[in-house]
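File shown: data-v2.txt (compact mmCIF, C-alpha atoms and all ligand atoms).
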```
# COMPACT_ATOMS: atom_id res chain seq x y z
CA MET A 1 46.18 -47.93 35.43
CA LEU A 2 43.80 -45.46 33.80
CA ILE A 3 45.66 -42.42 32.49
CA LEU A 4 44.65 -39.18 30.84
CA ALA A 5 47.24 -37.96 28.32
CA LEU A 6 47.45 -34.37 27.05
CA GLU A 7 49.41 -32.97 24.10
CA THR A 8 49.53 -29.26 23.20
CA SER A 9 53.12 -28.74 22.05
CA CYS A 10 52.34 -27.35 18.60
CA ASP A 11 49.12 -26.95 16.63
CA GLU A 12 47.11 -29.96 17.74
CA THR A 13 45.04 -29.97 20.91
CA SER A 14 44.79 -33.58 21.93
CA ALA A 15 43.52 -35.65 24.86
CA GLY A 16 43.73 -39.41 25.15
CA VAL A 17 42.66 -42.03 27.65
CA VAL A 18 44.98 -45.03 27.89
CA VAL A 19 44.80 -48.16 30.04
CA ASP A 20 47.99 -49.81 31.33
CA GLY A 21 50.09 -47.90 28.79
CA ARG A 22 48.90 -50.10 25.94
CA LYS A 23 45.18 -49.84 25.28
CA ILE A 24 43.65 -46.67 23.82
CA LEU A 25 40.12 -45.93 25.04
CA ALA A 26 40.02 -42.53 23.34
CA ASN A 27 42.44 -40.38 21.36
CA LEU A 28 40.94 -37.06 20.32
CA VAL A 29 42.99 -34.77 18.11
CA THR A 30 41.70 -31.35 17.08
CA SER A 31 43.85 -29.61 14.54
CA GLN A 32 44.31 -25.86 14.27
CA ILE A 33 45.52 -26.09 10.67
CA ASP A 34 42.71 -23.87 9.34
CA ILE A 35 43.79 -21.01 11.57
CA HIS A 36 47.50 -21.24 10.76
CA ALA A 37 47.27 -22.18 7.07
CA ARG A 38 46.59 -18.61 5.97
CA TYR A 39 49.91 -17.53 7.53
CA GLY A 40 51.85 -20.40 5.94
CA GLY A 41 52.96 -21.79 9.30
CA VAL A 42 52.10 -22.01 12.98
CA VAL A 43 51.63 -18.64 14.73
CA PRO A 44 52.64 -19.37 18.35
CA GLU A 45 50.36 -16.85 20.04
CA LEU A 46 47.32 -18.05 18.08
CA ALA A 47 48.23 -21.65 18.90
CA SER A 48 48.26 -20.94 22.65
CA ARG A 49 44.90 -19.20 22.51
CA LYS A 50 43.30 -22.01 20.53
CA HIS A 51 44.68 -24.62 22.93
CA LEU A 52 43.19 -22.67 25.80
CA GLU A 53 39.80 -22.53 24.10
CA GLY A 54 39.82 -26.18 23.11
CA ILE A 55 41.53 -28.16 25.86
CA GLY A 56 38.54 -28.42 28.22
CA VAL A 57 36.17 -29.57 25.50
CA VAL A 58 38.69 -32.06 24.10
CA ILE A 59 39.26 -33.59 27.54
CA GLN A 60 35.53 -33.88 28.22
CA GLU A 61 34.95 -35.50 24.85
CA ALA A 62 37.84 -37.93 25.33
CA LEU A 63 36.47 -38.98 28.72
CA ARG A 64 33.00 -39.36 27.22
CA GLN A 65 34.26 -41.51 24.35
CA ALA A 66 36.31 -43.61 26.76
CA GLY A 67 33.25 -44.06 28.97
CA VAL A 68 35.07 -42.96 32.11
CA ALA A 69 34.58 -40.17 34.63
CA ALA A 70 37.36 -37.80 35.68
CA ALA A 71 37.14 -39.35 39.15
CA ASP A 72 38.14 -42.75 37.66
CA LEU A 73 41.50 -41.40 36.43
CA GLU A 74 44.59 -42.68 38.24
CA GLY A 75 47.20 -40.43 36.69
CA ILE A 76 47.87 -37.75 34.08
CA CYS A 77 50.74 -37.38 31.62
CA VAL A 78 51.41 -34.39 29.42
CA THR A 79 53.98 -33.14 26.92
CA ARG A 80 56.40 -30.98 28.89
CA GLY A 81 58.61 -30.14 25.89
CA PRO A 82 60.10 -29.43 23.46
CA GLY A 83 57.67 -27.21 21.60
CA LEU A 84 56.09 -23.76 21.56
CA ILE A 85 56.35 -22.55 25.13
CA GLY A 86 52.94 -20.88 25.32
CA ALA A 87 51.29 -23.92 23.75
CA LEU A 88 53.06 -26.34 26.12
CA LEU A 89 52.01 -24.28 29.13
CA VAL A 90 48.33 -24.79 28.35
CA GLY A 91 48.68 -28.58 28.52
CA LEU A 92 50.98 -28.46 31.52
CA ALA A 93 48.82 -26.09 33.56
CA THR A 94 45.75 -28.18 32.75
CA ALA A 95 47.51 -31.39 33.82
CA LYS A 96 48.68 -29.84 37.08
CA ALA A 97 45.27 -28.36 37.87
CA MET A 98 43.45 -31.62 37.19
CA ALA A 99 45.99 -33.70 39.11
CA PHE A 100 45.75 -31.32 42.08
CA ALA A 101 41.96 -31.26 42.02
CA LEU A 102 41.62 -35.03 41.63
CA GLY A 103 44.44 -35.86 44.03
CA ILE A 104 46.27 -38.02 41.48
CA PRO A 105 49.90 -37.99 40.22
CA TRP A 106 51.05 -36.37 37.00
CA VAL A 107 54.23 -36.50 34.95
CA GLY A 108 55.59 -34.27 32.16
CA LEU A 109 57.13 -36.09 29.20
CA HIS A 110 59.37 -35.46 26.20
CA HIS A 111 57.34 -35.11 23.01
CA MET A 112 59.66 -37.43 21.03
CA GLU A 113 59.41 -40.10 23.72
CA GLY A 114 55.71 -40.14 22.88
CA HIS A 115 56.36 -40.45 19.14
CA VAL A 116 59.03 -43.15 19.48
CA LEU A 117 56.87 -45.37 21.72
CA ALA A 118 53.54 -44.82 19.91
CA VAL A 119 53.92 -48.07 17.97
CA LEU A 120 53.68 -50.01 21.26
CA LEU A 121 50.01 -49.05 21.42
CA GLU A 122 49.49 -51.28 18.38
CA LYS A 123 51.95 -54.13 18.82
CA GLU A 124 54.79 -55.36 20.94
CA VAL A 125 58.24 -54.40 19.65
CA SER A 126 61.20 -55.81 21.56
CA PHE A 127 63.93 -53.59 22.92
CA PRO A 128 66.52 -52.52 22.00
CA PHE A 129 65.63 -50.87 18.71
CA LEU A 130 66.69 -47.96 16.55
CA ALA A 131 64.21 -45.13 16.10
CA LEU A 132 64.10 -42.85 13.09
CA ALA A 133 62.13 -39.93 14.49
CA VAL A 134 60.98 -37.61 11.74
CA SER A 135 58.61 -34.74 12.41
CA GLY A 136 58.18 -31.03 11.86
CA ALA A 137 60.90 -30.19 14.36
CA HIS A 138 62.99 -33.38 14.68
CA THR A 139 65.03 -35.63 12.45
CA HIS A 140 66.86 -37.86 14.89
CA ILE A 141 68.18 -41.39 15.05
CA TYR A 142 67.91 -42.75 18.58
CA ARG A 143 69.08 -45.96 20.10
CA VAL A 144 66.25 -47.05 22.38
CA GLU A 145 67.30 -49.53 25.11
CA GLY A 146 63.96 -49.46 26.84
CA ILE A 147 61.32 -46.99 27.98
CA GLY A 148 63.19 -44.04 29.42
CA ARG A 149 66.56 -45.06 27.97
CA TYR A 150 67.47 -43.17 24.82
CA GLN A 151 70.70 -42.20 23.14
CA THR A 152 70.91 -39.80 20.21
CA LEU A 153 73.08 -41.29 17.45
CA GLY A 154 72.41 -38.70 14.76
CA ARG A 155 70.36 -35.59 14.14
CA THR A 156 69.69 -32.90 11.62
CA LEU A 157 72.20 -30.09 11.57
CA ASP A 158 69.65 -27.62 10.22
CA ASP A 159 66.03 -28.14 9.11
CA ALA A 160 63.99 -31.14 10.19
CA ALA A 161 62.61 -33.41 7.45
CA GLY A 162 59.02 -32.27 8.01
CA GLU A 163 60.16 -28.65 8.07
CA ALA A 164 61.85 -29.15 4.70
CA TYR A 165 58.66 -30.68 3.29
CA ASP A 166 56.66 -27.73 4.64
CA LYS A 167 59.10 -25.13 3.27
CA VAL A 168 59.25 -26.73 -0.18
CA ALA A 169 55.44 -26.91 -0.26
CA LYS A 170 55.29 -23.25 0.68
CA LEU A 171 57.70 -22.15 -2.05
CA LEU A 172 55.72 -24.20 -4.57
CA GLY A 173 52.56 -22.44 -3.38
CA LEU A 174 50.95 -25.69 -2.21
CA GLY A 175 49.85 -24.58 1.26
CA TYR A 176 50.51 -25.65 4.84
CA PRO A 177 51.33 -28.21 6.13
CA GLY A 178 52.98 -29.51 3.03
CA GLY A 179 54.26 -32.99 3.81
CA ALA A 180 51.15 -34.93 2.86
CA LEU A 181 50.56 -32.71 -0.21
CA ILE A 182 54.07 -33.27 -1.57
CA ASP A 183 53.79 -36.98 -0.83
CA ARG A 184 50.61 -37.18 -2.92
CA LEU A 185 51.95 -35.09 -5.82
CA ALA A 186 55.23 -37.04 -5.80
CA ALA A 187 53.27 -40.26 -6.32
CA GLU A 188 51.53 -38.69 -9.33
CA GLY A 189 54.76 -37.44 -10.97
CA GLU A 190 58.15 -38.66 -12.19
CA ALA A 191 61.45 -36.99 -11.35
CA THR A 192 62.72 -37.52 -14.93
CA GLY A 193 66.13 -35.88 -15.19
CA LEU A 194 65.72 -33.77 -12.08
CA VAL A 195 68.11 -34.68 -9.26
CA PHE A 196 68.34 -32.66 -6.04
CA PRO A 197 71.37 -33.01 -3.76
CA ARG A 198 71.59 -35.65 -1.02
CA PRO A 199 73.44 -33.73 1.73
CA LEU A 200 75.79 -35.73 4.00
CA LEU A 201 74.81 -38.95 2.20
CA HIS A 202 78.37 -40.20 1.89
CA GLN A 203 79.60 -39.04 5.26
CA GLN A 204 80.08 -41.81 7.77
CA ASN A 205 78.14 -40.04 10.54
CA LEU A 206 74.40 -40.39 11.18
CA ASP A 207 73.61 -36.69 10.84
CA PHE A 208 71.24 -35.12 8.36
CA SER A 209 70.97 -31.82 6.56
CA PHE A 210 67.84 -30.76 4.70
CA SER A 211 68.22 -27.05 4.13
CA GLY A 212 70.45 -27.61 1.05
CA ILE A 213 67.78 -29.73 -0.67
CA LYS A 214 65.25 -26.99 -0.01
CA THR A 215 67.60 -24.33 -1.44
CA ALA A 216 68.21 -26.49 -4.51
CA VAL A 217 64.45 -26.64 -5.08
CA LEU A 218 64.24 -22.87 -4.68
CA ASN A 219 67.08 -22.32 -7.19
CA HIS A 220 65.44 -24.70 -9.65
CA VAL A 221 62.14 -22.82 -9.41
CA ARG A 222 63.93 -19.47 -9.87
CA ARG A 223 65.74 -20.78 -12.95
CA LEU A 224 62.41 -21.69 -14.53
CA GLY A 225 61.72 -17.96 -14.79
CA ALA A 226 57.97 -18.48 -14.57
CA PRO A 227 55.69 -20.16 -12.02
CA PRO A 228 56.02 -23.94 -12.45
CA SER A 229 53.23 -25.71 -14.31
CA GLU A 230 51.22 -28.42 -12.55
CA GLY A 231 53.26 -31.09 -14.32
CA GLU A 232 56.51 -29.41 -13.29
CA ILE A 233 55.30 -29.17 -9.69
CA ARG A 234 54.67 -32.93 -9.68
CA ARG A 235 58.15 -33.50 -11.13
CA ILE A 236 59.74 -31.27 -8.46
CA CYS A 237 57.79 -33.06 -5.71
CA ALA A 238 58.88 -36.46 -7.04
CA ALA A 239 62.54 -35.37 -7.20
CA PHE A 240 62.43 -33.75 -3.75
CA GLN A 241 60.81 -36.82 -2.23
CA GLU A 242 63.42 -39.08 -3.84
CA ALA A 243 66.22 -37.03 -2.30
CA ALA A 244 64.59 -36.84 1.14
CA VAL A 245 63.70 -40.54 1.23
CA GLU A 246 67.16 -41.56 0.04
CA VAL A 247 69.00 -39.71 2.81
CA LEU A 248 66.59 -40.88 5.51
CA THR A 249 66.83 -44.48 4.33
CA ALA A 250 70.60 -44.45 3.86
CA LYS A 251 71.28 -43.05 7.32
CA ILE A 252 69.01 -45.45 9.18
CA LEU A 253 70.57 -48.36 7.29
CA ARG A 254 74.01 -47.04 8.26
CA ALA A 255 72.83 -46.98 11.88
CA VAL A 256 71.69 -50.60 11.52
CA GLU A 257 75.15 -51.56 10.21
CA GLY A 258 76.99 -49.55 12.84
CA THR A 259 75.05 -50.85 15.83
CA GLY A 260 74.18 -54.33 14.62
CA LEU A 261 70.57 -53.65 15.65
CA GLY A 262 68.21 -55.04 13.03
CA ARG A 263 65.05 -53.56 14.50
CA VAL A 264 63.83 -50.10 13.48
CA VAL A 265 60.83 -48.01 14.50
CA VAL A 266 59.94 -45.02 12.34
CA ALA A 267 58.02 -42.31 14.20
CA GLY A 268 56.61 -38.79 13.84
CA GLY A 269 54.50 -37.05 11.22
CA VAL A 270 56.88 -37.81 8.33
CA ALA A 271 56.49 -41.54 9.11
CA CYS A 272 53.16 -41.17 7.25
CA ASN A 273 55.13 -40.62 4.06
CA ARG A 274 54.22 -43.29 1.53
CA GLY A 275 57.51 -43.03 -0.36
CA LEU A 276 59.51 -43.56 2.83
CA ARG A 277 57.32 -46.46 3.91
CA LYS A 278 57.61 -48.21 0.56
CA ARG A 279 61.36 -47.76 0.23
CA LEU A 280 62.26 -48.72 3.76
CA LEU A 281 59.89 -51.68 3.97
CA GLY A 282 61.24 -52.93 0.63
CA LEU A 283 64.83 -52.71 1.81
CA ALA A 284 63.89 -54.27 5.13
CA GLU A 285 62.49 -57.29 3.37
CA GLU A 286 65.58 -57.61 1.17
CA ARG A 287 67.91 -57.42 4.16
CA GLY A 288 65.83 -59.32 6.68
CA LEU A 289 65.33 -56.31 8.96
CA GLU A 290 62.38 -55.65 11.25
CA VAL A 291 60.92 -52.23 10.42
CA HIS A 292 57.83 -50.88 12.16
CA PHE A 293 55.73 -47.90 11.13
CA PRO A 294 52.82 -46.93 13.39
CA ASP A 295 49.39 -46.48 11.85
CA PRO A 296 49.25 -42.95 10.31
CA ALA A 297 46.80 -41.87 13.03
CA LEU A 298 49.53 -42.52 15.60
CA CYS A 299 52.37 -40.96 13.56
CA GLY A 300 51.23 -37.33 13.80
CA ASP A 301 50.79 -35.48 17.04
CA ASN A 302 48.31 -37.17 19.37
CA ALA A 303 48.02 -37.50 23.13
CA ALA A 304 47.58 -41.27 23.44
CA MET A 305 51.18 -41.82 22.30
CA LEU A 306 52.32 -40.33 25.63
CA GLY A 307 50.39 -42.97 27.54
CA VAL A 308 53.09 -45.63 27.03
CA ALA A 309 55.79 -43.72 28.88
CA GLY A 310 53.26 -42.04 31.19
CA ASP A 311 52.12 -45.41 32.54
CA PHE A 312 55.74 -46.56 32.92
CA TYR A 313 56.82 -43.52 34.95
CA LEU A 314 53.73 -43.15 37.10
CA ARG A 315 53.82 -46.82 38.09
CA ARG A 316 57.38 -46.34 39.28
CA GLY A 317 56.40 -43.35 41.38
CA CYS A 318 58.16 -41.03 39.00
CA VAL A 319 55.88 -38.08 39.57
CA ASP A 320 56.32 -34.37 38.90
CA GLY A 321 55.55 -31.60 41.38
CA LEU A 322 53.61 -28.43 40.73
CA GLU A 323 56.89 -26.49 40.40
CA VAL A 324 57.91 -28.44 37.25
CA ASN A 325 57.78 -26.19 34.21
CA ALA A 326 57.56 -26.53 30.42
CA LEU A 327 60.76 -26.70 28.35
CA ALA A 328 60.84 -25.16 24.87
CA HIS A 329 64.15 -26.93 24.18
CA TRP A 330 64.94 -30.36 25.57
CA ASP A 331 67.16 -33.21 24.34
CA LEU A 332 65.60 -36.64 24.62
CA ASP A 333 68.86 -37.98 26.13
CA SER A 334 68.47 -35.64 29.08
CA ALA A 335 64.86 -36.80 29.57
CA ASN A 336 66.06 -40.31 30.43
CA PHE A 337 64.38 -42.12 33.30
CA HIS A 338 67.04 -41.56 35.97
CA GLN A 339 66.98 -37.85 35.20
CA HIS A 340 63.31 -37.41 36.01
O1 LIG A 401 54.89 -35.26 14.40
P1 LIG A 401 54.14 -34.15 13.76
O2 LIG A 401 52.66 -34.30 13.60
O3 LIG A 401 54.37 -32.82 14.53
C1 LIG A 401 55.62 -32.46 15.05
O4 LIG A 401 55.97 -32.95 16.14
O5 LIG A 401 56.31 -31.69 14.34
O6 LIG A 401 54.82 -33.90 12.35
C2 LIG A 401 54.35 -32.90 11.48
C3 LIG A 401 55.20 -32.91 10.24
C4 LIG A 401 54.88 -31.73 9.31
O7 LIG A 401 56.09 -31.13 8.92
C5 LIG A 401 54.18 -32.43 8.12
O8 LIG A 401 54.37 -31.74 6.90
C6 LIG A 401 54.88 -33.77 8.12
O9 LIG A 401 54.99 -34.10 9.48
N1 LIG A 401 54.12 -34.81 7.38
C7 LIG A 401 54.59 -35.42 6.29
C8 LIG A 401 53.56 -36.29 5.84
N2 LIG A 401 52.51 -36.16 6.70
C9 LIG A 401 52.87 -35.24 7.63
N3 LIG A 401 55.77 -35.32 5.65
C10 LIG A 401 55.96 -36.09 4.55
N4 LIG A 401 55.02 -36.93 4.06
C11 LIG A 401 53.82 -37.07 4.66
N5 LIG A 401 52.91 -37.90 4.17
ZN ZN A 402 55.23 -34.40 16.99
```

Could you express the structure from this file as structure tokens?
Amino acid sequence: MLILALETSCDETSAGVVVDGRKILANLVTSQIDIHARYGGVVPELASRKHLEGIGVVIQEALRQAGVAAADLEGICVTRGPGLIGALLVGLATAKAMAFALGIPWVGLHHMEGHVLAVLLEKEVSFPFLALAVSGAHTHIYRVEGIGRYQTLGRTLDDAAGEAYDKVAKLLGLGYPGGALIDRLAAEGEATGLVFPRPLLHQQNLDFSFSGIKTAVLNHVRRLGAPPSEGEIRRICAAFQEAAVEVLTAKILRAVEGTGLGRVVVAGGVACNRGLRKRLLGLAEERGLEVHFPDPALCGDNAAMLGVAGDFYLRRGCVDGLEVNALAHWDLDSANFHQH
């Protein structure tokens, strides 16, 4: 089955062409970072406008790279939510219009379902597994029984991990988005003597909290009384990354213990983080666990990741009608297969 996948939930306009839910023929991602960077974060109205300008070109280029014509497509899948409502609507309206014009089915999907299954585009991972989904808006631990069968075991009570990275980068004057920048500076520095809190670390639940770490960084910077030097910034980044990686690692290991599932998939933009990869892969080896990180190109927002679930649903006749609308807020549990 030849599927076009579209993703416009935040600040990336992306179109992918996927065969049988496993093989990527094209996966074009155009980022709007330049436009939003000067505001220190994504400006929703600008994001919608840029999606609108870019979506047609991105689709045409994806089809060209894949070597297929629009008439060859057998189905379309698109991110239905959660995300910025105006941004989502661009992808959704495009998917509906193309499906209607081409006379093919379409289905709207949960953004995190795309992230969690992205790794299947690279290799087979057996179900069930635990997913640590870490992005700019999510920090969730899911139990994944199969495609379309998810259960939330834990989640952030406040900021998402990526959001905390972005906010800390902003208060250090590093720019937006900050995750990759902090990751790089952390690798160049040492935390020496600087320890930020690890919220909820010793609580038995699988929930996270990141806003306290961010506030601790802010208080530390204020106490310095002067803008931090480059060396101090590297030290702060190293200490922040240690705290963030420790809570993420501890909670997913607790989930492994609690469920007896020794298979973990890490997904979302923060899965690019080198500190997290190193720590978790090291512990996995020590404990004989199976831990999978997708290639960095498939960790951040991209359309092809939706092709896995898109193929699954469309094959089963799970098709959306033109009345189906975007959802700014949507729990993955309520996007389960039988609820479609
Ligand atoms: O999945 P994603 O591309 O978009 C959302 O669905 O939110 O994730 C973006 C988030 C941003 O907060 C970004 O700062 C973070 O992922 N990120 C990282 C790294 N690369 C991207 N965070 C930590 N370390 C990284 N290397
Ligand atoms: Zn995402």

Q) Do you know which residues are at most 8 Å from A:Leu201 counting all atoms listed in the file, after dropping those on the same chain fewer than 5 positions away, and could you put them as a PyMOL selection string? A) chain A and resi 247+250-251

Saved selection, atoms kept: C-alpha atoms, as a compact mmCIF listing (two decimals), in the coordinates of the input:
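Result saved to again-v5.txt:
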```txt
# COMPACT_ATOMS: atom_id res chain seq x y z
CA VAL A 247 69.00 -39.71 2.81
CA ALA A 250 70.60 -44.45 3.86
CA LYS A 251 71.28 -43.05 7.32
```

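Close contacts of A:Tyr176, defined as residues with an atom at most 9 Å away when counting all atoms listed in the file, with chain neighbours fewer than 4 positions off set aside, comprise A:Ile33, A:His36, A:Ala37, A:Arg38, A:Tyr39, A:Gly40, A:Gly41, A:Asp166, A:Lys167, A:Ala169, A:Lys170, A:Leu181.
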
Next, the residues of the selection above should be written as a PDB file, in the frame of the given file with C-alpha atoms.
```pdb
ATOM      1  CA  ILE A  33      45.520 -26.090  10.670  1.00  0.00           C
ATOM      2  CA  HIS A  36      47.500 -21.240  10.760  1.00  0.00           C
ATOM      3  CA  ALA A  37      47.270 -22.180   7.070  1.00  0.00           C
ATOM      4  CA  ARG A  38      46.590 -18.610   5.970  1.00  0.00           C
ATOM      5  CA  TYR A  39      49.910 -17.530   7.530  1.00  0.00           C
ATOM      6  CA  GLY A  40      51.850 -20.400   5.940  1.00  0.00           C
ATOM      7  CA  GLY A  41      52.960 -21.790   9.300  1.00  0.00           C
ATOM      8  CA  ASP A 166      56.660 -27.730   4.640  1.00  0.00           C
ATOM      9  CA  LYS A 167      59.100 -25.130   3.270  1.00  0.00           C
ATOM     10  CA  ALA A 169      55.440 -26.910  -0.260  1.00  0.00           C
ATOM     11  CA  LYS A 170      55.290 -23.250   0.680  1.00  0.00           C
ATOM     12  CA  LEU A 181      50.560 -32.710  -0.210  1.00  0.00           C
TER      13      LEU A 181
END
```

(Q) One decimal, in Å: what's the spacing between atom CA of A:Gly16 and atom CA of A:Glu290? (A) 28.4 Å

Q: Could you give me the residues within 7 Å of ligand LIG 401 (chain A), counting only C-alpha atoms and all ligand atoms, as a VMD selection string?
A: chain A and resid 135 to 138 162 to 163 165 to 166 177 to 180 182 to 183 268 to 274 299 to 301

Q. Residues at most 12 Å from ligand ZN 402 (chain A), using all atoms listed in the file? Could they come as number ranges by chain?
A. A: 7-14, 79, 81-84, 110-116, 118, 133-139, 160, 162-163, 267-271, 297-303, 305-306

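When only C-alpha atoms are used to compute distances to A:Lys123, the closest of the residues A:Gly262, A:Gly56, A:Gly154, A:Pro294 turns out to be A:Pro294.
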
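Distances to A:Thr152 were evaluated for A:Gly21, A:Leu130, A:Gly175, A:His292 using all atoms listed in the file, and the minimum falls at A:Leu130.
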
Q: Find the residues around A:Leu248 up to 10 Å (only C-alpha atoms counted), leave out those fewer than 6 positions away in its own chain, and share them as a list in words.
A: Leu132, Val134, Thr139, His140, Ile141, Ala161, Arg198, Leu201, Leu206, Asp207, Phe208, Leu276 and Leu280 of chain A

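In this structure, atom CA of A:Lys96 sits 9.6 Å away from atom CA of A:Gly108.
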
Q) Near A:Met1, within 12 Å and counting all atoms listed in the file, which residues show up once chain neighbours fewer than 3 positions away are dropped, as a list of chain:residue names? A) A:Leu4, A:Val17, A:Val18, A:Val19, A:Asp20, A:Gly21, A:Arg22, A:Lys23, A:Ile24, A:Asp72, A:Leu73, A:Glu74, A:Gly75, A:Ile76, A:Ile104, A:Pro105, A:Gly307, A:Val308, A:Gly310, A:Asp311, A:Phe312, A:Tyr313, A:Leu314, A:Arg315, A:Arg316

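Nearest-residue note for A:Arg149: choosing from A:His51, A:Ala309, A:Gly321, A:Ala186, the minimum distance belongs to A:Ala309, counting all atoms listed in the file.
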
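Nearest to A:Ala216 of all the residues A:Phe196, A:Gly275, A:Leu172, A:Arg235 is A:Phe196, counting all atoms listed in the file.
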
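Considering only C-alpha atoms, the residue among A:Cys318, A:Glu285, A:Val217, A:Gly54 positioned nearest to A:Phe337 is A:Cys318.
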
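In this comparison, which uses only C-alpha atoms, the residue of A:Ala5, A:Val144, A:Ala304, A:Ala238 approaching A:Ala187 most closely is A:Ala238.
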
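The space between atom CA of A:Ala26 and atom CA of A:Ala70 spans 13.5 Å.
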
Is it possible to get the axis-aligned box enclosing stretch 50-56 of chain A (all listed atoms, 5 Å extra per side) as JSON, with centre and edge lengths in Å rounded to one decimal?
```
{"center_x": 41.6, "center_y": -25.2, "center_z": 24.4, "size_x": 16.1, "size_y": 16.4, "size_z": 17.7}
```

Q | Contacts of A:Val264 at 6 Å (all atoms listed in the file; same-chain gap of 4+ positions) as a ChimeraX atom specification | A | /A:129-131,291

Kindly save the residues from that selection, with C-alpha atoms included, as a PDB file, in the frame of the given file.
```
ATOM      1  CA  PHE A 129      65.630 -50.870  18.710  1.00  0.00           C
ATOM      2  CA  LEU A 130      66.690 -47.960  16.550  1.00  0.00           C
ATOM      3  CA  ALA A 131      64.210 -45.130  16.100  1.00  0.00           C
ATOM      4  CA  VAL A 291      60.920 -52.230  10.420  1.00  0.00           C
TER       5      VAL A 291
END
```
